[in-house]
>>> print(open('input-v4.txt').read())   # compact mmCIF, C-alpha atoms
# COMPACT_ATOMS: atom_id res chain seq x y z
CA MET A 490 4.86 19.21 9.94
CA THR A 491 6.25 20.34 6.60
CA GLN A 492 9.26 21.96 8.32
CA ARG A 493 10.50 18.66 9.68
CA PRO A 494 12.97 16.52 7.74
CA LEU A 495 10.68 13.50 8.11
CA THR A 496 6.91 13.66 7.62
CA THR A 497 5.93 10.30 6.08
CA ILE A 498 6.75 6.74 7.17
CA GLY A 499 6.11 3.67 5.05
CA PHE A 500 5.88 0.17 6.47
CA ASP A 501 6.18 -3.15 4.72
CA ALA A 502 3.63 -5.72 5.91
CA ASP A 503 4.74 -9.37 5.60
CA ASP A 504 7.47 -10.26 8.11
CA THR A 505 7.68 -6.62 9.19
CA LEU A 506 4.28 -6.19 10.84
CA TRP A 507 3.18 -9.83 10.96
CA GLN A 508 4.55 -13.32 10.40
CA ASN A 509 4.43 -14.61 6.84
CA GLU A 510 7.44 -16.57 5.59
CA GLN A 511 7.22 -19.19 8.33
CA PHE A 512 3.84 -20.30 6.96
CA TYR A 513 5.28 -20.58 3.45
CA ARG A 514 8.09 -22.74 4.84
CA LEU A 515 5.61 -25.06 6.54
CA THR A 516 3.58 -25.29 3.33
CA GLU A 517 6.72 -26.05 1.33
CA LEU A 518 7.55 -28.85 3.79
CA GLN A 519 4.11 -30.37 3.23
CA PHE A 520 4.65 -30.04 -0.51
CA THR A 521 8.00 -31.84 -0.49
CA GLU A 522 6.47 -34.63 1.58
CA LEU A 523 3.76 -35.08 -1.04
CA LEU A 524 6.44 -35.68 -3.69
CA ALA A 525 8.90 -37.58 -1.50
CA ASP A 526 8.64 -40.70 -3.68
CA HIS A 527 9.81 -38.77 -6.74
CA ALA A 528 12.78 -36.66 -5.58
CA PRO A 529 14.74 -35.55 -2.47
CA SER A 530 13.29 -32.60 -0.59
CA ASP A 531 16.17 -30.26 -1.45
CA VAL A 532 15.73 -30.97 -5.16
CA ILE A 533 12.00 -30.32 -4.94
CA SER A 534 12.56 -27.06 -3.05
CA ALA A 535 15.13 -25.89 -5.59
CA ARG A 536 12.78 -26.65 -8.50
CA LEU A 537 9.95 -24.87 -6.71
CA LEU A 538 12.10 -21.77 -6.22
CA GLU A 539 12.97 -21.79 -9.91
CA ALA A 540 9.28 -22.00 -10.79
CA GLU A 541 8.39 -19.16 -8.41
CA LYS A 542 11.02 -16.84 -9.88
CA ARG A 543 10.00 -17.78 -13.41
CA ASN A 544 6.33 -17.14 -12.68
CA LEU A 545 6.62 -13.81 -10.90
CA ARG A 546 6.10 -11.92 -14.15
CA HIS A 547 2.96 -13.96 -14.84
CA TYR A 548 1.32 -14.28 -11.41
CA GLY A 549 3.09 -11.71 -9.26
CA PHE A 550 3.85 -12.13 -5.57
CA GLY A 551 1.51 -13.97 -3.22
CA ILE A 552 -0.10 -17.24 -2.28
CA LYS A 553 -1.98 -17.83 -5.52
CA GLY A 554 1.19 -17.64 -7.58
CA PHE A 555 2.96 -19.85 -5.03
CA THR A 556 0.22 -22.47 -5.31
CA LEU A 557 0.37 -22.44 -9.10
CA SER A 558 4.14 -22.81 -8.90
CA MET A 559 3.73 -25.84 -6.64
CA ILE A 560 1.41 -27.45 -9.19
CA GLU A 561 3.81 -26.69 -12.03
CA THR A 562 6.72 -28.14 -10.03
CA ALA A 563 4.75 -31.29 -9.23
CA ILE A 564 4.08 -31.81 -12.95
CA GLU A 565 7.77 -31.32 -13.75
CA ILE A 566 9.10 -33.54 -10.95
CA THR A 567 6.77 -36.41 -11.89
CA GLU A 568 7.31 -35.86 -15.64
CA GLY A 569 3.61 -35.22 -16.13
CA GLU A 570 2.41 -38.20 -14.10
CA VAL A 571 1.38 -36.42 -10.90
CA PRO A 572 -1.88 -37.98 -9.62
CA SER A 573 -4.97 -35.80 -9.48
CA THR A 574 -5.17 -36.55 -5.74
CA VAL A 575 -1.81 -34.82 -5.24
CA ILE A 576 -3.00 -31.78 -7.22
CA ALA A 577 -6.06 -31.68 -4.97
CA GLN A 578 -3.84 -31.79 -1.89
CA ILE A 579 -1.68 -28.96 -3.22
CA LEU A 580 -4.78 -26.85 -3.72
CA ASP A 581 -5.87 -27.68 -0.16
CA ILE A 582 -2.60 -26.59 1.41
CA GLY A 583 -2.67 -23.44 -0.70
CA ARG A 584 -6.14 -22.65 0.63
CA ASP A 585 -4.96 -23.35 4.17
CA LEU A 586 -2.19 -20.82 3.66
CA LEU A 587 -4.75 -18.23 2.57
CA ALA A 588 -6.78 -18.84 5.72
CA HIS A 589 -3.94 -18.78 8.23
CA PRO A 590 -4.52 -16.47 11.24
CA VAL A 591 -2.47 -13.27 11.39
CA GLU A 592 0.27 -13.13 14.03
CA THR A 593 1.64 -9.62 14.56
CA LEU A 594 5.31 -9.27 15.46
CA PRO A 595 6.62 -7.77 18.73
CA HIS A 596 6.47 -3.99 19.25
CA VAL A 597 4.31 -3.43 16.16
CA ARG A 598 1.14 -2.00 17.70
CA GLN A 599 2.98 0.12 20.28
CA THR A 600 5.24 1.59 17.60
CA LEU A 601 2.42 2.41 15.20
CA GLU A 602 0.28 3.93 17.95
CA ALA A 603 3.18 6.14 19.06
CA LEU A 604 3.74 7.40 15.50
CA SER A 605 0.11 7.73 14.42
CA GLY A 606 -1.01 11.35 14.29
CA LYS A 607 2.58 12.62 14.38
CA TYR A 608 3.52 11.32 10.94
CA LEU A 609 1.68 10.20 7.84
CA LEU A 610 1.78 6.40 8.00
CA VAL A 611 1.41 4.35 4.83
CA LEU A 612 1.37 0.58 4.45
CA ILE A 613 3.23 -0.45 1.28
CA THR A 614 3.05 -4.14 0.50
CA LYS A 615 3.34 -6.58 -2.38
CA GLY A 616 1.11 -9.59 -2.86
CA ASP A 617 -2.40 -10.65 -3.66
CA LEU A 618 -4.95 -7.87 -3.10
CA PHE A 619 -7.57 -9.97 -1.32
CA ASP A 620 -5.03 -11.75 0.89
CA GLN A 621 -3.27 -8.57 1.97
CA GLU A 622 -6.58 -6.86 2.68
CA ARG A 623 -7.61 -9.89 4.76
CA LYS A 624 -4.41 -9.83 6.80
CA LEU A 625 -4.62 -6.10 7.41
CA ALA A 626 -8.22 -6.44 8.61
CA GLN A 627 -7.38 -9.36 10.90
CA SER A 628 -4.34 -7.56 12.30
CA GLY A 629 -6.49 -4.76 13.68
CA LEU A 630 -3.87 -2.24 12.55
CA GLY A 631 -5.75 -0.70 9.63
CA ASP A 632 -7.00 2.39 11.50
CA LEU A 633 -3.44 3.40 12.33
CA PHE A 634 -2.52 3.99 8.68
CA ASP A 635 -3.32 7.09 6.66
CA ALA A 636 -3.00 5.16 3.40
CA VAL A 637 -2.62 1.60 2.17
CA GLU A 638 -0.82 0.75 -1.09
CA ILE A 639 -0.89 -2.86 -2.35
CA VAL A 640 1.48 -2.98 -5.31
CA SER A 641 2.65 -5.57 -7.83
CA ASP A 642 6.31 -4.77 -7.20
CA LYS A 643 8.49 -2.33 -5.29
CA ASN A 644 11.09 -0.20 -7.04
CA ALA A 645 12.35 3.38 -6.81
CA SER A 646 9.50 4.62 -9.01
CA THR A 647 6.98 2.97 -6.68
CA TYR A 648 8.31 4.87 -3.68
CA ARG A 649 8.59 8.18 -5.52
CA ARG A 650 4.98 7.88 -6.63
CA ILE A 651 3.56 6.83 -3.27
CA PHE A 652 5.54 9.24 -1.10
CA SER A 653 4.73 12.12 -3.45
CA LYS A 654 1.03 11.24 -3.41
CA VAL A 655 0.67 10.57 0.31
CA GLY A 656 3.31 12.89 1.76
CA ASP A 657 5.82 15.59 0.87
CA GLY A 658 7.93 13.49 -1.48
CA PRO A 659 10.48 10.74 -1.01
CA GLU A 660 13.14 13.02 0.52
CA ARG A 661 10.97 13.52 3.60
CA ALA A 662 9.94 9.88 3.82
CA MET A 663 11.22 6.73 5.45
CA MET A 664 10.58 3.11 4.45
CA ILE A 665 10.79 0.32 7.00
CA GLY A 666 10.91 -3.38 6.16
CA ASN A 667 12.62 -6.75 6.35
CA SER A 668 13.55 -7.03 2.66
CA LEU A 669 16.67 -5.21 1.54
CA LYS A 670 15.79 -5.86 -2.11
CA SER A 671 12.18 -4.65 -2.00
CA ASP A 672 11.91 -2.29 0.96
CA ILE A 673 15.29 -0.68 1.52
CA VAL A 674 17.47 -0.46 -1.60
CA PRO A 675 14.75 0.99 -3.89
CA ALA A 676 13.59 3.42 -1.18
CA LEU A 677 17.15 4.68 -0.81
CA ALA A 678 17.37 5.02 -4.60
CA ALA A 679 14.22 7.16 -4.50
CA GLY A 680 15.88 9.48 -1.98
CA SER A 681 14.13 8.22 1.16
CA TYR A 682 15.48 6.87 4.41
CA GLY A 683 15.53 3.08 4.59
CA VAL A 684 15.33 1.24 7.91
CA PHE A 685 16.15 -2.45 7.69
CA VAL A 686 14.49 -4.71 10.28
CA PRO A 687 15.88 -8.21 9.67
CA HIS A 688 13.56 -11.19 10.06
CA GLU A 689 15.01 -14.62 10.76
CA LEU A 690 13.07 -16.03 7.80
CA THR A 691 13.23 -13.96 4.62
CA TRP A 692 12.64 -15.46 1.18
CA SER A 693 15.98 -16.02 -0.56
CA PHE A 694 14.74 -14.05 -3.59
CA GLU A 695 14.77 -10.92 -1.40
CA HIS A 696 18.43 -11.20 -0.32
CA VAL A 697 20.96 -8.58 -1.43
CA GLU A 698 23.98 -6.96 0.21
CA GLU A 699 23.35 -4.36 2.90
CA PRO A 700 23.91 -0.83 1.53
CA THR A 701 26.00 0.13 4.55
CA ASP A 702 27.67 3.05 2.74
CA ALA A 703 24.34 4.76 1.97
CA PRO A 704 23.97 7.80 4.28
CA ARG A 705 20.22 7.26 4.69
CA PHE A 706 20.48 3.56 5.54
CA ARG A 707 19.69 2.42 9.06
CA LYS A 708 19.41 -1.02 10.66
CA ILE A 709 17.54 -1.98 13.83
CA GLY A 710 16.94 -5.24 15.66
CA HIS A 711 13.18 -4.78 16.06
CA LEU A 712 10.51 -2.12 15.64
CA GLY A 713 10.82 -1.11 19.28
CA GLU A 714 14.10 0.58 18.32
CA LEU A 715 12.53 2.71 15.59
CA HIS A 716 11.68 5.62 17.89
CA ASP A 717 15.35 6.36 18.60
CA VAL A 718 16.18 6.32 14.88
CA ILE A 719 13.43 8.80 14.12
CA GLU A 720 14.29 11.07 17.05
CA ALA A 721 17.90 11.28 15.87
CA LEU A 722 16.71 12.73 12.55
CA GLN A 723 14.50 15.46 14.00
>>> encode(input="input-v4.txt", output="structure tokens")
Amino acid sequence: MTQRPLTTIGFDADDTLWQNEQFYRLTELQFTELLADHAPSDVISARLLEAEKRNLRHYGFGIKGFTLSMIETAIEITEGEVPSTVIAQILDIGRDLLAHPVETLPHVRQTLEALSGKYLLVLITKGDLFDQERKLAQSGLGDLFDAVEIVSDKNASTYRRIFSKVGDGPERAMMIGNSLKSDIVPALAAGSYGVFVPHELTWSFEHVEEPTDAPRFRKIGHLGELHDVIEALQ
């Protein structure tokens, strides 16, 4: 294995292995409806996004931080007069989001099963520890991974550390995900391959330009196309 150019493959979780953003969008729609008497939906959504970005350094990524940002936005939009019943409803829809069933994306299981045993597979995901562990357990994919890393953020140092610990270093590793900002660009900066799998719904905070001039950058339409990318490297 150590003679091959690629020995370790990292996978993002949310919107790479299973659906995630669509449930946030539905929750946000419920939230804007709760405050419809106070502001237009686009204004509420914009204020919520501002709160989320502002709170990342306090709460990190995940549903709990999102719920707290909704509460903060409700207080701001209503100028401190949000009814306690609305706060209770926000907490309810946040809990519903935490309990939502996991829906794996097409080609995920087949791809992981084909790679398992041939490469070291590591799940690298941001978000709340309990929620990500829950989703991994419900997905039924946990046994296919050699390691699971739930991190507070993803940057080049994150990938260097993980790929050095789990595999043979970042130069012999590949990261696959739907977020250019979190999954691809920092993995490329660490010296790894980065395979971009676009998802129709990706949080705007994760949008950056495609690094098309990077020699280790690849882009596929779905995970079913990953095999050909890997074979071309070997």
>>> atom_distance(input="input-v4.txt", atom1="atom CA of A:Ala603", atom2="atom CA of A:Gly616")
27.1 Å
>>> atom_distance(input="input-v4.txt", atom1="atom CA of A:Pro659", atom2="atom CA of A:Phe634")
17.6 Å
>>> closest_residue(input="input-v4.txt", among="A:Leu594, A:Gly583, A:Asp531, A:Glu539", to="A:Asp503", atoms="all atoms listed in the file")
A:Leu594
>>> atom_distance(input="input-v4.txt", atom1="atom CA of A:His596", atom2="atom CA of A:Glu714")
8.9 Å
>>> closest_residue(input="input-v4.txt", among="A:Thr567, A:Thr497, A:Thr521, A:Ser530", to="A:Ile719", atoms="all atoms listed in the file")
A:Thr497
>>> residues_around(input="input-v4.txt", residues="A:Arg598", least_positions_apart="2", cutoff="12 Å", atoms="all atoms listed in the file", output="ChimeraX atom specification")
/A:505-507,592-596,600-605,628-634,712-713
>>> write_last_selection(input="input-v4.txt", atoms="C-alpha atoms", output="PDB file, keeping the file's coordinate frame")
ATOM      1  CA  THR A 505       7.680  -6.620   9.190  1.00  0.00           C
ATOM      2  CA  LEU A 506       4.280  -6.190  10.840  1.00  0.00           C
ATOM      3  CA  TRP A 507       3.180  -9.830  10.960  1.00  0.00           C
ATOM      4  CA  GLU A 592       0.270 -13.130  14.030  1.00  0.00           C
ATOM      5  CA  THR A 593       1.640  -9.620  14.560  1.00  0.00           C
ATOM      6  CA  LEU A 594       5.310  -9.270  15.460  1.00  0.00           C
ATOM      7  CA  PRO A 595       6.620  -7.770  18.730  1.00  0.00           C
ATOM      8  CA  HIS A 596       6.470  -3.990  19.250  1.00  0.00           C
ATOM      9  CA  THR A 600       5.240   1.590  17.600  1.00  0.00           C
ATOM     10  CA  LEU A 601       2.420   2.410  15.200  1.00  0.00           C
ATOM     11  CA  GLU A 602       0.280   3.930  17.950  1.00  0.00           C
ATOM     12  CA  ALA A 603       3.180   6.140  19.060  1.00  0.00           C
ATOM     13  CA  LEU A 604       3.740   7.400  15.500  1.00  0.00           C
ATOM     14  CA  SER A 605       0.110   7.730  14.420  1.00  0.00           C
ATOM     15  CA  SER A 628      -4.340  -7.560  12.300  1.00  0.00           C
ATOM     16  CA  GLY A 629      -6.490  -4.760  13.680  1.00  0.00           C
ATOM     17  CA  LEU A 630      -3.870  -2.240  12.550  1.00  0.00           C
ATOM     18  CA  GLY A 631      -5.750  -0.700   9.630  1.00  0.00           C
ATOM     19  CA  ASP A 632      -7.000   2.390  11.500  1.00  0.00           C
ATOM     20  CA  LEU A 633      -3.440   3.400  12.330  1.00  0.00           C
ATOM     21  CA  PHE A 634      -2.520   3.990   8.680  1.00  0.00           C
ATOM     22  CA  LEU A 712      10.510  -2.120  15.640  1.00  0.00           C
ATOM     23  CA  GLY A 713      10.820  -1.110  19.280  1.00  0.00           C
TER      24      GLY A 713
END
>>> closest_residue(input="input-v4.txt", among="A:Ala577, A:Leu537, A:Leu587, A:Met663", to="A:Arg705", atoms="all atoms listed in the file")
A:Met663
